[in-house]
$ cat my_file-v4.pdb   # PDB, C-alpha atoms
ATOM      1  CA  GLY U  50       3.170   1.575 -13.745
ATOM      2  CA  SER U  51       5.189   4.196 -15.560
ATOM      3  CA  GLN U  52       6.926   4.410 -18.918
ATOM      4  CA  VAL U  53       9.141   7.063 -20.504
ATOM      5  CA  GLU U  54       8.724   7.125 -24.277
ATOM      6  CA  VAL U  55      11.579   7.776 -26.706
ATOM      7  CA  ASP U  56      10.175  11.272 -27.366
ATOM      8  CA  GLY U  57      10.219  12.102 -23.624
ATOM      9  CA  ARG U  58       6.503  11.658 -22.933
ATOM     10  CA  VAL U  59       5.789   9.952 -19.623
ATOM     11  CA  ILE U  60       2.886   7.535 -19.347
ATOM     12  CA  ASN U  61       1.545   6.501 -15.938
ATOM     13  CA  TRP U  62      -1.118   3.854 -15.369
ATOM     14  CA  MET U  63      -3.486   3.591 -12.460
ATOM     15  CA  GLU U  64      -5.530   0.493 -11.743
ATOM     16  CA  PRO U  65      -8.682   0.728  -9.640
ATOM     17  CA  ARG U  66      -8.213  -0.995  -6.298
ATOM     18  CA  PRO U  67     -10.473  -0.980  -3.232
ATOM     19  CA  SER U  68      -8.306   1.472  -1.276
ATOM     20  CA  LEU U  69      -8.528   3.992  -4.155
ATOM     21  CA  ILE U  70     -12.343   3.991  -4.390
ATOM     22  CA  ASP U  71     -14.258   6.776  -2.644
ATOM     23  CA  SER U  72     -17.461   6.434  -0.603
ATOM     24  CA  LEU U  73     -19.586   6.932  -3.749
ATOM     25  CA  GLY U  74     -17.853   4.081  -5.580
ATOM     26  CA  HIS U  75     -15.654   6.215  -7.857
ATOM     27  CA  LEU U  76     -11.912   6.209  -8.371
ATOM     28  CA  ARG U  77     -10.560   8.924  -6.046
ATOM     29  CA  LEU U  78      -9.765  12.141  -7.894
ATOM     30  CA  GLY U  79      -6.937  12.885  -5.442
ATOM     31  CA  ALA U  80      -5.234   9.625  -6.395
ATOM     32  CA  ILE U  81      -5.690  10.394 -10.098
ATOM     33  CA  THR U  82      -4.230  13.870  -9.558
ATOM     34  CA  PHE U  83      -1.300  12.358  -7.645
ATOM     35  CA  THR U  84      -0.616  10.055 -10.603
ATOM     36  CA  ALA U  85      -0.936  12.966 -13.071
ATOM     37  CA  ASP U  86       1.509  15.015 -10.996
ATOM     38  CA  GLY U  87       3.951  12.133 -11.294
ATOM     39  CA  ALA U  88       3.613  11.910 -15.096
ATOM     40  CA  GLY U  89       3.914  15.648 -15.714
ATOM     41  CA  GLY U  90       6.584  16.123 -13.064
ATOM     42  CA  LEU U  91       8.756  13.357 -14.468
ATOM     43  CA  ALA U  92       8.344  14.643 -18.045
ATOM     44  CA  GLY U  93       9.380  18.115 -16.849
ATOM     45  CA  GLY U  94      12.206  16.761 -14.706
ATOM     46  CA  LEU U  95      13.690  14.785 -17.562
ATOM     47  CA  ALA U  96      13.628  17.940 -19.729
ATOM     48  CA  ALA U  97      15.029  20.221 -16.982
ATOM     49  CA  PRO U  98      18.496  21.728 -17.350
ATOM     50  CA  GLU U  99      21.392  19.598 -16.113
ATOM     51  CA  GLY U 100      21.937  19.921 -12.363
ATOM     52  CA  THR U 101      18.286  20.763 -11.694
ATOM     53  CA  TRP U 102      15.080  18.923 -10.864
ATOM     54  CA  VAL U 103      11.507  20.170 -10.705
ATOM     55  CA  VAL U 104       8.852  20.823  -8.089
ATOM     56  CA  THR U 105       5.207  21.388  -8.963
ATOM     57  CA  THR U 106       4.058  25.001  -8.714
ATOM     58  CA  ASP U 107       0.716  24.720 -10.540
ATOM     59  CA  LEU U 108      -1.385  21.731 -11.541
ATOM     60  CA  GLU U 109      -4.719  21.989 -13.334
ATOM     61  CA  MET U 110      -6.952  19.187 -14.567
ATOM     62  CA  ARG U 111     -10.306  19.243 -16.305
ATOM     63  CA  LEU U 112     -12.395  16.098 -16.518
ATOM     64  CA  VAL U 113     -14.455  15.726 -19.692
ATOM     65  CA  ALA U 114     -16.013  12.328 -18.882
ATOM     66  CA  PRO U 115     -17.029  10.529 -15.698
ATOM     67  CA  ILE U 116     -14.140   8.523 -14.277
ATOM     68  CA  GLY U 117     -16.165   5.914 -12.400
ATOM     69  CA  VAL U 118     -14.084   2.823 -11.719
ATOM     70  CA  ARG U 119     -11.798   1.987 -14.613
ATOM     71  CA  PRO U 120      -8.084   1.816 -15.400
ATOM     72  CA  VAL U 121      -6.676   5.276 -16.130
ATOM     73  CA  ARG U 122      -3.700   6.167 -18.329
ATOM     74  CA  ILE U 123      -2.137   9.607 -17.939
ATOM     75  CA  VAL U 124       0.313  11.027 -20.471
ATOM     76  CA  GLY U 125       2.638  13.891 -19.489
ATOM     77  CA  THR U 126       4.184  15.753 -22.444
ATOM     78  CA  GLU U 127       6.758  18.516 -22.093
ATOM     79  CA  VAL U 128       5.618  21.694 -23.875
ATOM     80  CA  ARG U 129       8.484  24.013 -22.972
ATOM     81  CA  THR U 130      11.343  24.039 -20.510
ATOM     82  CA  GLY U 131      13.587  27.003 -19.766
ATOM     83  CA  SER U 132      16.246  27.630 -17.152
ATOM     84  CA  THR U 133      13.708  28.089 -14.327
ATOM     85  CA  THR U 134      10.352  26.704 -15.463
ATOM     86  CA  SER U 135       8.958  23.611 -17.167
ATOM     87  CA  VAL U 136       5.433  23.311 -18.578
ATOM     88  CA  CYS U 137       3.850  19.973 -19.512
ATOM     89  CA  ASP U 138       0.464  18.950 -20.896
ATOM     90  CA  LEU U 139      -1.517  16.158 -19.237
ATOM     91  CA  ASP U 140      -3.928  13.872 -21.083
ATOM     92  CA  LEU U 141      -6.119  11.331 -19.249
ATOM     93  CA  PHE U 142      -7.552   8.251 -20.957
ATOM     94  CA  ASP U 143      -9.508   5.138 -20.117
ATOM     95  CA  ASP U 144      -6.690   2.621 -20.518
ATOM     96  CA  ALA U 145      -9.030  -0.099 -21.789
ATOM     97  CA  THR U 146     -11.014   1.922 -24.380
ATOM     98  CA  ASP U 147      -8.798   4.980 -25.099
ATOM     99  CA  GLU U 148     -11.756   7.257 -24.267
ATOM    100  CA  VAL U 149     -10.535  10.744 -23.371
ATOM    101  CA  LEU U 150     -11.304  11.403 -19.695
ATOM    102  CA  GLY U 151      -9.588  14.739 -19.134
ATOM    103  CA  VAL U 152      -6.870  17.228 -19.938
ATOM    104  CA  GLY U 153      -4.601  19.402 -17.869
ATOM    105  CA  SER U 154      -1.287  21.107 -17.460
ATOM    106  CA  ILE U 155       1.484  21.197 -14.916
ATOM    107  CA  THR U 156       3.988  23.971 -14.355
ATOM    108  CA  SER U 157       7.125  23.174 -12.398
ATOM    109  CA  HIS U 158      10.017  25.231 -11.080
ATOM    110  CA  CYS U 159      13.515  23.978 -11.920
ATOM    111  CA  LEU U 160      15.568  23.901  -8.713
ATOM    112  CA  THR U 161      19.316  23.569  -8.606
ATOM    113  CA  VAL U 162      20.005  20.543  -6.428
ATOM    114  CA  GLU U 163      23.232  18.951  -5.235
ATOM    115  CA  SER U 164      22.287  15.494  -6.403
ATOM    116  CA  PRO U 165      19.551  15.471  -9.048
ATOM    117  CA  PRO U 166      18.247  12.025  -9.904
ATOM    118  CA  SER U 167      19.990  10.340 -12.796
ATOM    119  CA  THR U 168      17.906  10.196 -15.946
ATOM    120  CA  ASP U 169      19.315   6.656 -16.313
ATOM    121  CA  LEU U 170      16.712   5.642 -13.698
ATOM    122  CA  TRP U 171      14.059   5.985 -16.415
ATOM    123  CA  PRO U 172      15.102   4.031 -19.503
ATOM    124  CA  ARG U 173      13.199   5.045 -22.634
ATOM    125  CA  GLY U 174      10.426   2.747 -23.816
ATOM    126  CA  VAL U 175      10.524   0.446 -20.774
ATOM    127  CA  ARG U 176       7.433   0.094 -18.590
ATOM    128  CA  LEU U 177       8.493   0.407 -14.959
ATOM    129  CA  ASP U 178       6.673  -0.496 -11.790
ATOM    130  CA  ALA U 179       8.338   2.387  -9.893
ATOM    131  CA  GLY U 180      10.113  -0.151  -7.680
ATOM    132  CA  VAL U 181       6.980  -0.767  -5.646
ATOM    133  CA  GLU U 182       5.434  -4.202  -5.488
ATOM    134  CA  ARG U 183       1.806  -4.036  -6.554
ATOM    135  CA  MET U 184      -0.341  -4.271  -3.477
ATOM    136  CA  ASP U 185      -3.577  -3.002  -2.137
ATOM    137  CA  LEU U 186      -3.432  -0.721   0.852
ATOM    138  CA  PRO U 187      -4.838  -2.193   4.065
ATOM    139  CA  LEU U 188      -6.889   0.977   4.638
ATOM    140  CA  PRO U 189      -8.596   3.625   2.504
ATOM    141  CA  LEU U 190      -6.033   6.028   1.031
ATOM    142  CA  GLY U 191      -6.725   8.915   3.452
ATOM    143  CA  GLU U 192      -6.393   6.667   6.498
ATOM    144  CA  TYR U 193      -3.245   5.028   5.124
ATOM    145  CA  LEU U 194      -1.608   8.456   4.705
ATOM    146  CA  GLY U 195      -2.687   9.514   8.204
ATOM    147  CA  LEU U 196      -5.072  12.281   7.127
ATOM    148  CA  THR U 197      -7.342  13.431   9.925
ATOM    149  CA  SER U 198     -10.461  15.535   9.389
ATOM    150  CA  THR U 199     -11.991  18.117  11.703
ATOM    151  CA  PRO U 200     -15.703  18.992  12.040
ATOM    152  CA  ASP U 201     -14.913  22.224  10.121
ATOM    153  CA  HIS U 202     -13.770  20.157   7.089
ATOM    154  CA  GLU U 203     -10.113  20.884   7.653
ATOM    155  CA  VAL U 204      -7.609  18.114   7.026
ATOM    156  CA  ASP U 205      -4.362  17.591   8.887
ATOM    157  CA  LEU U 206      -1.472  15.581   7.508
ATOM    158  CA  ASP U 207       1.532  14.565   9.567
ATOM    159  CA  VAL U 208       4.375  14.984   7.063
ATOM    160  CA  THR U 209       6.458  11.880   7.662
ATOM    161  CA  GLU U 210       9.631  10.916   5.817
ATOM    162  CA  GLN U 211       7.714   8.467   3.617
ATOM    163  CA  LEU U 212       5.689  11.421   2.228
ATOM    164  CA  ARG U 213       8.714  13.546   1.356
ATOM    165  CA  ASN U 214      10.683  13.566  -1.877
ATOM    166  CA  PRO U 215      14.478  13.116  -1.798
ATOM    167  CA  TRP U 216      14.928  16.839  -0.995
ATOM    168  CA  GLY U 217      12.574  16.785   1.985
ATOM    169  CA  MET U 218       9.580  18.400   0.285
ATOM    170  CA  LEU U 219       6.010  17.132   0.355
ATOM    171  CA  HIS U 220       5.028  15.535  -2.969
ATOM    172  CA  GLY U 221       2.656  17.935  -4.761
ATOM    173  CA  GLY U 222       0.127  15.221  -5.521
ATOM    174  CA  LEU U 223      -0.418  14.635  -1.794
ATOM    175  CA  ILE U 224      -1.919  18.110  -1.525
ATOM    176  CA  ALA U 225      -4.574  17.032  -4.042
ATOM    177  CA  ILE U 226      -5.367  13.976  -1.935
ATOM    178  CA  GLY U 227      -5.733  16.201   1.146
ATOM    179  CA  ALA U 228      -7.940  18.668  -0.735
ATOM    180  CA  GLU U 229     -10.210  15.859  -1.891
ATOM    181  CA  GLU U 230     -10.422  14.521   1.656
ATOM    182  CA  ALA U 231     -11.446  17.985   2.903
TER     183      ALA U 231
END

$ encode --input "my_file-v4.pdb" --output "structure tokens"
Amino acid sequence: GSQVEVDGRVINWMEPRPSLIDSLGHLRLGAITFTADGAGGLAGGLAAPEGTWVVTTDLEMRLVAPIGVRPVRIVGTEVRTGSTTSVCDLDLFDDATDEVLGVGSITSHCLTVESPPSTDLWPRGVRLDAGVERMDLPLPLGEYLGLTSTPDHEVDLDVTEQLRNPWGMLHGGLIAIGAEEA
């Protein structure tokens, strides 16, 4: 789920599901990072100058508590946006207890695009389901995305249309999923 607050903060929720649990029984950090990239990227995109949208150029997260298997809430808050760059803070919480799980930041580049998404797609104060019916993946996340590993711990990803954003670029959070897989 996702919600844009009146003050521009973006809150994303992530529920633990079997396809998002790693081999040690923990919520996959790559999936959490993907969700954080979405919260910070949307907060930066909504603050970006008119006629632009953002792409992630740097994403850092620091965990301060074990994640384990629990619902996670990630809050993206715009810190500063100029004509070419947007910076947002990321805060991670246990959604059930409000325990702080981590902090981070995301820096994005503002690109001039022919058809930026309309900010009307994200009404303020309304929890959205991102247009995707809640479902569990039939396979573990890496297999579902088509990640393949080599004996040298390299990971290959066939960049299909479903993995690209509207401008043809790979979603930044997918790189985190690949890094975790490696």

$ atom_distance --input "my_file-v4.pdb" --atom1 "atom CA of U:Ile60" --atom2 "atom CA of U:Thr146"
15.8 Å

$ atom_distance --input "my_file-v4.pdb" --atom1 "atom CA of U:Leu206" --atom2 "atom CA of U:Val124"
28.4 Å

$ residues_around --input "my_file-v4.pdb" --residues "U:His202" --least-positions-apart "6" --cutoff "10 Å" --atoms "all atoms listed in the file" --output "list in words"
Ala228, Glu230 and Ala231 of chain U

$ residues_near_point --input "my_file-v4.pdb" --point "(1.0, 5.9, -2.3)" --cutoff "9 Å" --atoms "only C-alpha atoms" --output "ChimeraX atom specification"
/U:80,83,186,190,193-194,212,223

$ residues_around --input "my_file-v4.pdb" --residues "U:Pro165" --least-positions-apart "4" --cutoff "10 Å" --atoms "all atoms listed in the file" --output "MDAnalysis selection string"
chainID U and resid 94 99:103 160:161 215:216

$ atom_distance --input "my_file-v4.pdb" --atom1 "atom CA of U:Val136" --atom2 "atom CA of U:Thr156"
4.5 Å

$ closest_residue --input "my_file-v4.pdb" --among "U:Gly90, U:Pro200, U:Pro166, U:Gly50" --to "U:Thr130" --atoms "all atoms listed in the file"
U:Gly90

$ resolve_selection --input "my_file-v4.pdb" --expression "the PyMOL selection byres ((chain U and resi 112) around 10)" --output "ChimeraX atom specification"
/U:78,110-111,113-116,140-141,149-153

$ residues_around --input "my_file-v4.pdb" --residues "U:Leu95" --least-positions-apart "2" --cutoff "12 Å" --atoms "only C-alpha atoms" --output "VMD selection string"
chain U and resid 53 to 59 87 to 93 97 to 103 125 to 127 129 to 130 135 to 137 157 159 165 to 173

$ closest_residue --input "my_file-v4.pdb" --among "U:Ile123, U:Val118, U:Val104, U:Val128" --to "U:Arg213" --atoms "all atoms listed in the file"
U:Val104

$ closest_residue --input "my_file-v4.pdb" --among "U:Thr105, U:Glu163, U:Ser72, U:Phe142" --to "U:Met218" --atoms "all atoms listed in the file"
U:Thr105

$ resolve_selection --input "my_file-v4.pdb" --expression "the PyMOL selection byres ((chain U and resi 121) around 8)" --output "ChimeraX atom specification"
/U:62-64,81,119-120,122-123,141-144

$ closest_residue --input "my_file-v4.pdb" --among "U:Pro65, U:Thr82, U:Leu76, U:Asp71" --to "U:Gly222" --atoms "all atoms listed in the file"
U:Thr82

$ closest_residue --input "my_file-v4.pdb" --among "U:Ile155, U:Ser132, U:Leu69, U:Thr106" --to "U:Glu192" --atoms "all atoms listed in the file"
U:Leu69

$ closest_residue --input "my_file-v4.pdb" --among "U:Leu196, U:Leu219, U:Ala145, U:Leu139" --to "U:Thr84" --atoms "only C-alpha atoms"
U:Leu139

$ decode --input "my_file-v4.pdb" --residues "stretch 125-162 of chain U" --atoms "N, CA, C and O atoms" --output "PDB file, in the first residue's frame"
ATOM      1  N   GLY U 125       8.869   8.306   3.262  1.00  0.00           N
ATOM      2  CA  GLY U 125       9.767   9.136   2.467  1.00  0.00           C
ATOM      3  C   GLY U 125       9.377  10.592   2.650  1.00  0.00           C
ATOM      4  O   GLY U 125       8.219  10.953   2.455  1.00  0.00           O
ATOM      5  N   THR U 126      10.342  11.433   3.049  1.00  0.00           N
ATOM      6  CA  THR U 126      10.084  12.849   3.304  1.00  0.00           C
ATOM      7  C   THR U 126      11.063  13.696   2.507  1.00  0.00           C
ATOM      8  O   THR U 126      12.280  13.542   2.656  1.00  0.00           O
ATOM      9  N   GLU U 127      10.533  14.577   1.670  1.00  0.00           N
ATOM     10  CA  GLU U 127      11.390  15.461   0.884  1.00  0.00           C
ATOM     11  C   GLU U 127      12.139  16.394   1.825  1.00  0.00           C
ATOM     12  O   GLU U 127      11.557  17.003   2.722  1.00  0.00           O
ATOM     13  N   VAL U 128      13.463  16.502   1.627  1.00  0.00           N
ATOM     14  CA  VAL U 128      14.304  17.408   2.400  1.00  0.00           C
ATOM     15  C   VAL U 128      14.556  18.679   1.594  1.00  0.00           C
ATOM     16  O   VAL U 128      14.407  19.787   2.090  1.00  0.00           O
ATOM     17  N   ARG U 129      14.922  18.488   0.330  1.00  0.00           N
ATOM     18  CA  ARG U 129      15.204  19.632  -0.542  1.00  0.00           C
ATOM     19  C   ARG U 129      15.111  19.185  -1.987  1.00  0.00           C
ATOM     20  O   ARG U 129      15.590  18.120  -2.343  1.00  0.00           O
ATOM     21  N   THR U 130      14.507  20.037  -2.807  1.00  0.00           N
ATOM     22  CA  THR U 130      14.432  19.774  -4.233  1.00  0.00           C
ATOM     23  C   THR U 130      14.806  21.046  -4.977  1.00  0.00           C
ATOM     24  O   THR U 130      14.256  22.113  -4.695  1.00  0.00           O
ATOM     25  N   GLY U 131      15.753  20.909  -5.907  1.00  0.00           N
ATOM     26  CA  GLY U 131      16.141  22.026  -6.759  1.00  0.00           C
ATOM     27  C   GLY U 131      15.745  21.728  -8.190  1.00  0.00           C
ATOM     28  O   GLY U 131      14.899  20.872  -8.458  1.00  0.00           O
ATOM     29  N   SER U 132      16.373  22.408  -9.122  1.00  0.00           N
ATOM     30  CA  SER U 132      16.013  22.229 -10.532  1.00  0.00           C
ATOM     31  C   SER U 132      16.523  20.909 -11.098  1.00  0.00           C
ATOM     32  O   SER U 132      15.973  20.396 -12.070  1.00  0.00           O
ATOM     33  N   THR U 133      17.568  20.320 -10.475  1.00  0.00           N
ATOM     34  CA  THR U 133      18.134  19.083 -11.019  1.00  0.00           C
ATOM     35  C   THR U 133      18.198  17.928 -10.034  1.00  0.00           C
ATOM     36  O   THR U 133      18.436  16.801 -10.436  1.00  0.00           O
ATOM     37  N   THR U 134      18.015  18.184  -8.750  1.00  0.00           N
ATOM     38  CA  THR U 134      18.219  17.149  -7.743  1.00  0.00           C
ATOM     39  C   THR U 134      17.152  17.234  -6.659  1.00  0.00           C
ATOM     40  O   THR U 134      16.750  18.314  -6.266  1.00  0.00           O
ATOM     41  N   SER U 135      16.738  16.057  -6.178  1.00  0.00           N
ATOM     42  CA  SER U 135      15.819  15.971  -5.048  1.00  0.00           C
ATOM     43  C   SER U 135      16.435  15.045  -4.011  1.00  0.00           C
ATOM     44  O   SER U 135      16.999  14.006  -4.354  1.00  0.00           O
ATOM     45  N   VAL U 136      16.353  15.434  -2.741  1.00  0.00           N
ATOM     46  CA  VAL U 136      16.867  14.619  -1.645  1.00  0.00           C
ATOM     47  C   VAL U 136      15.727  14.365  -0.663  1.00  0.00           C
ATOM     48  O   VAL U 136      15.013  15.295  -0.281  1.00  0.00           O
ATOM     49  N   CYS U 137      15.557  13.102  -0.289  1.00  0.00           N
ATOM     50  CA  CYS U 137      14.496  12.714   0.650  1.00  0.00           C
ATOM     51  C   CYS U 137      15.077  11.835   1.750  1.00  0.00           C
ATOM     52  O   CYS U 137      15.998  11.060   1.513  1.00  0.00           O
ATOM     53  N   ASP U 138      14.536  11.989   2.953  1.00  0.00           N
ATOM     54  CA  ASP U 138      14.858  11.093   4.065  1.00  0.00           C
ATOM     55  C   ASP U 138      13.955   9.875   4.000  1.00  0.00           C
ATOM     56  O   ASP U 138      12.819   9.959   3.519  1.00  0.00           O
ATOM     57  N   LEU U 139      14.441   8.759   4.519  1.00  0.00           N
ATOM     58  CA  LEU U 139      13.668   7.523   4.625  1.00  0.00           C
ATOM     59  C   LEU U 139      13.677   7.074   6.080  1.00  0.00           C
ATOM     60  O   LEU U 139      14.733   7.056   6.723  1.00  0.00           O
ATOM     61  N   ASP U 140      12.518   6.739   6.599  1.00  0.00           N
ATOM     62  CA  ASP U 140      12.399   6.199   7.954  1.00  0.00           C
ATOM     63  C   ASP U 140      11.629   4.891   7.875  1.00  0.00           C
ATOM     64  O   ASP U 140      10.557   4.838   7.257  1.00  0.00           O
ATOM     65  N   LEU U 141      12.170   3.832   8.497  1.00  0.00           N
ATOM     66  CA  LEU U 141      11.557   2.507   8.480  1.00  0.00           C
ATOM     67  C   LEU U 141      11.042   2.171   9.871  1.00  0.00           C
ATOM     68  O   LEU U 141      11.761   2.362  10.869  1.00  0.00           O
ATOM     69  N   PHE U 142       9.813   1.659   9.934  1.00  0.00           N
ATOM     70  CA  PHE U 142       9.185   1.314  11.201  1.00  0.00           C
ATOM     71  C   PHE U 142       8.543  -0.064  11.120  1.00  0.00           C
ATOM     72  O   PHE U 142       8.118  -0.488  10.052  1.00  0.00           O
ATOM     73  N   ASP U 143       8.411  -0.707  12.282  1.00  0.00           N
ATOM     74  CA  ASP U 143       7.538  -1.859  12.400  1.00  0.00           C
ATOM     75  C   ASP U 143       6.125  -1.280  12.374  1.00  0.00           C
ATOM     76  O   ASP U 143       5.781  -0.451  13.216  1.00  0.00           O
ATOM     77  N   ASP U 144       5.313  -1.682  11.420  1.00  0.00           N
ATOM     78  CA  ASP U 144       3.996  -1.073  11.274  1.00  0.00           C
ATOM     79  C   ASP U 144       3.054  -1.438  12.410  1.00  0.00           C
ATOM     80  O   ASP U 144       2.096  -0.725  12.676  1.00  0.00           O
ATOM     81  N   ALA U 145       3.317  -2.526  13.111  1.00  0.00           N
ATOM     82  CA  ALA U 145       2.434  -2.928  14.208  1.00  0.00           C
ATOM     83  C   ALA U 145       2.806  -2.254  15.532  1.00  0.00           C
ATOM     84  O   ALA U 145       1.939  -1.927  16.328  1.00  0.00           O
ATOM     85  N   THR U 146       4.109  -2.021  15.765  1.00  0.00           N
ATOM     86  CA  THR U 146       4.561  -1.505  17.069  1.00  0.00           C
ATOM     87  C   THR U 146       5.155  -0.107  17.008  1.00  0.00           C
ATOM     88  O   THR U 146       5.436   0.475  18.057  1.00  0.00           O
ATOM     89  N   ASP U 147       5.400   0.423  15.830  1.00  0.00           N
ATOM     90  CA  ASP U 147       6.067   1.722  15.620  1.00  0.00           C
ATOM     91  C   ASP U 147       7.546   1.716  16.005  1.00  0.00           C
ATOM     92  O   ASP U 147       8.186   2.760  16.060  1.00  0.00           O
ATOM     93  N   GLU U 148       8.123   0.536  16.277  1.00  0.00           N
ATOM     94  CA  GLU U 148       9.553   0.459  16.563  1.00  0.00           C
ATOM     95  C   GLU U 148      10.330   0.947  15.347  1.00  0.00           C
ATOM     96  O   GLU U 148      10.023   0.597  14.207  1.00  0.00           O
ATOM     97  N   VAL U 149      11.355   1.766  15.594  1.00  0.00           N
ATOM     98  CA  VAL U 149      12.209   2.240  14.508  1.00  0.00           C
ATOM     99  C   VAL U 149      13.099   1.089  14.064  1.00  0.00           C
ATOM    100  O   VAL U 149      13.787   0.462  14.878  1.00  0.00           O
ATOM    101  N   LEU U 150      13.072   0.791  12.754  1.00  0.00           N
ATOM    102  CA  LEU U 150      13.876  -0.297  12.201  1.00  0.00           C
ATOM    103  C   LEU U 150      15.084   0.204  11.428  1.00  0.00           C
ATOM    104  O   LEU U 150      16.072  -0.507  11.278  1.00  0.00           O
ATOM    105  N   GLY U 151      15.001   1.421  10.880  1.00  0.00           N
ATOM    106  CA  GLY U 151      16.110   1.927  10.092  1.00  0.00           C
ATOM    107  C   GLY U 151      15.870   3.340   9.607  1.00  0.00           C
ATOM    108  O   GLY U 151      14.772   3.896   9.751  1.00  0.00           O
ATOM    109  N   VAL U 152      16.921   3.903   9.046  1.00  0.00           N
ATOM    110  CA  VAL U 152      16.877   5.248   8.473  1.00  0.00           C
ATOM    111  C   VAL U 152      17.649   5.226   7.165  1.00  0.00           C
ATOM    112  O   VAL U 152      18.448   4.320   6.919  1.00  0.00           O
ATOM    113  N   GLY U 153      17.426   6.223   6.346  1.00  0.00           N
ATOM    114  CA  GLY U 153      18.158   6.288   5.092  1.00  0.00           C
ATOM    115  C   GLY U 153      17.899   7.585   4.370  1.00  0.00           C
ATOM    116  O   GLY U 153      17.233   8.495   4.884  1.00  0.00           O
ATOM    117  N   SER U 154      18.447   7.654   3.178  1.00  0.00           N
ATOM    118  CA  SER U 154      18.221   8.816   2.324  1.00  0.00           C
ATOM    119  C   SER U 154      18.251   8.364   0.872  1.00  0.00           C
ATOM    120  O   SER U 154      18.838   7.336   0.539  1.00  0.00           O
ATOM    121  N   ILE U 155      17.590   9.152   0.053  1.00  0.00           N
ATOM    122  CA  ILE U 155      17.563   8.882  -1.380  1.00  0.00           C
ATOM    123  C   ILE U 155      17.795  10.200  -2.103  1.00  0.00           C
ATOM    124  O   ILE U 155      17.189  11.220  -1.772  1.00  0.00           O
ATOM    125  N   THR U 156      18.701  10.173  -3.051  1.00  0.00           N
ATOM    126  CA  THR U 156      18.952  11.320  -3.910  1.00  0.00           C
ATOM    127  C   THR U 156      18.494  10.938  -5.309  1.00  0.00           C
ATOM    128  O   THR U 156      18.777   9.840  -5.779  1.00  0.00           O
ATOM    129  N   SER U 157      17.768  11.833  -5.942  1.00  0.00           N
ATOM    130  CA  SER U 157      17.237  11.573  -7.272  1.00  0.00           C
ATOM    131  C   SER U 157      17.585  12.732  -8.196  1.00  0.00           C
ATOM    132  O   SER U 157      17.690  13.882  -7.763  1.00  0.00           O
ATOM    133  N   HIS U 158      17.747  12.409  -9.461  1.00  0.00           N
ATOM    134  CA  HIS U 158      17.981  13.423 -10.491  1.00  0.00           C
ATOM    135  C   HIS U 158      16.644  13.756 -11.142  1.00  0.00           C
ATOM    136  O   HIS U 158      15.867  12.866 -11.468  1.00  0.00           O
ATOM    137  N   CYS U 159      16.375  15.045 -11.303  1.00  0.00           N
ATOM    138  CA  CYS U 159      15.140  15.492 -11.958  1.00  0.00           C
ATOM    139  C   CYS U 159      15.378  15.533 -13.463  1.00  0.00           C
ATOM    140  O   CYS U 159      16.203  16.312 -13.944  1.00  0.00           O
ATOM    141  N   LEU U 160      14.667  14.685 -14.192  1.00  0.00           N
ATOM    142  CA  LEU U 160      14.795  14.618 -15.648  1.00  0.00           C
ATOM    143  C   LEU U 160      13.621  15.327 -16.299  1.00  0.00           C
ATOM    144  O   LEU U 160      12.474  15.168 -15.877  1.00  0.00           O
ATOM    145  N   THR U 161      13.906  16.085 -17.339  1.00  0.00           N
ATOM    146  CA  THR U 161      12.832  16.654 -18.133  1.00  0.00           C
ATOM    147  C   THR U 161      12.271  15.539 -19.003  1.00  0.00           C
ATOM    148  O   THR U 161      13.015  14.862 -19.709  1.00  0.00           O
ATOM    149  N   VAL U 162      10.971  15.320 -18.909  1.00  0.00           N
ATOM    150  CA  VAL U 162      10.335  14.250 -19.668  1.00  0.00           C
ATOM    151  C   VAL U 162       9.134  14.814 -20.417  1.00  0.00           C
ATOM    152  O   VAL U 162       8.502  15.773 -19.977  1.00  0.00           O
TER     153      VAL U 162
END
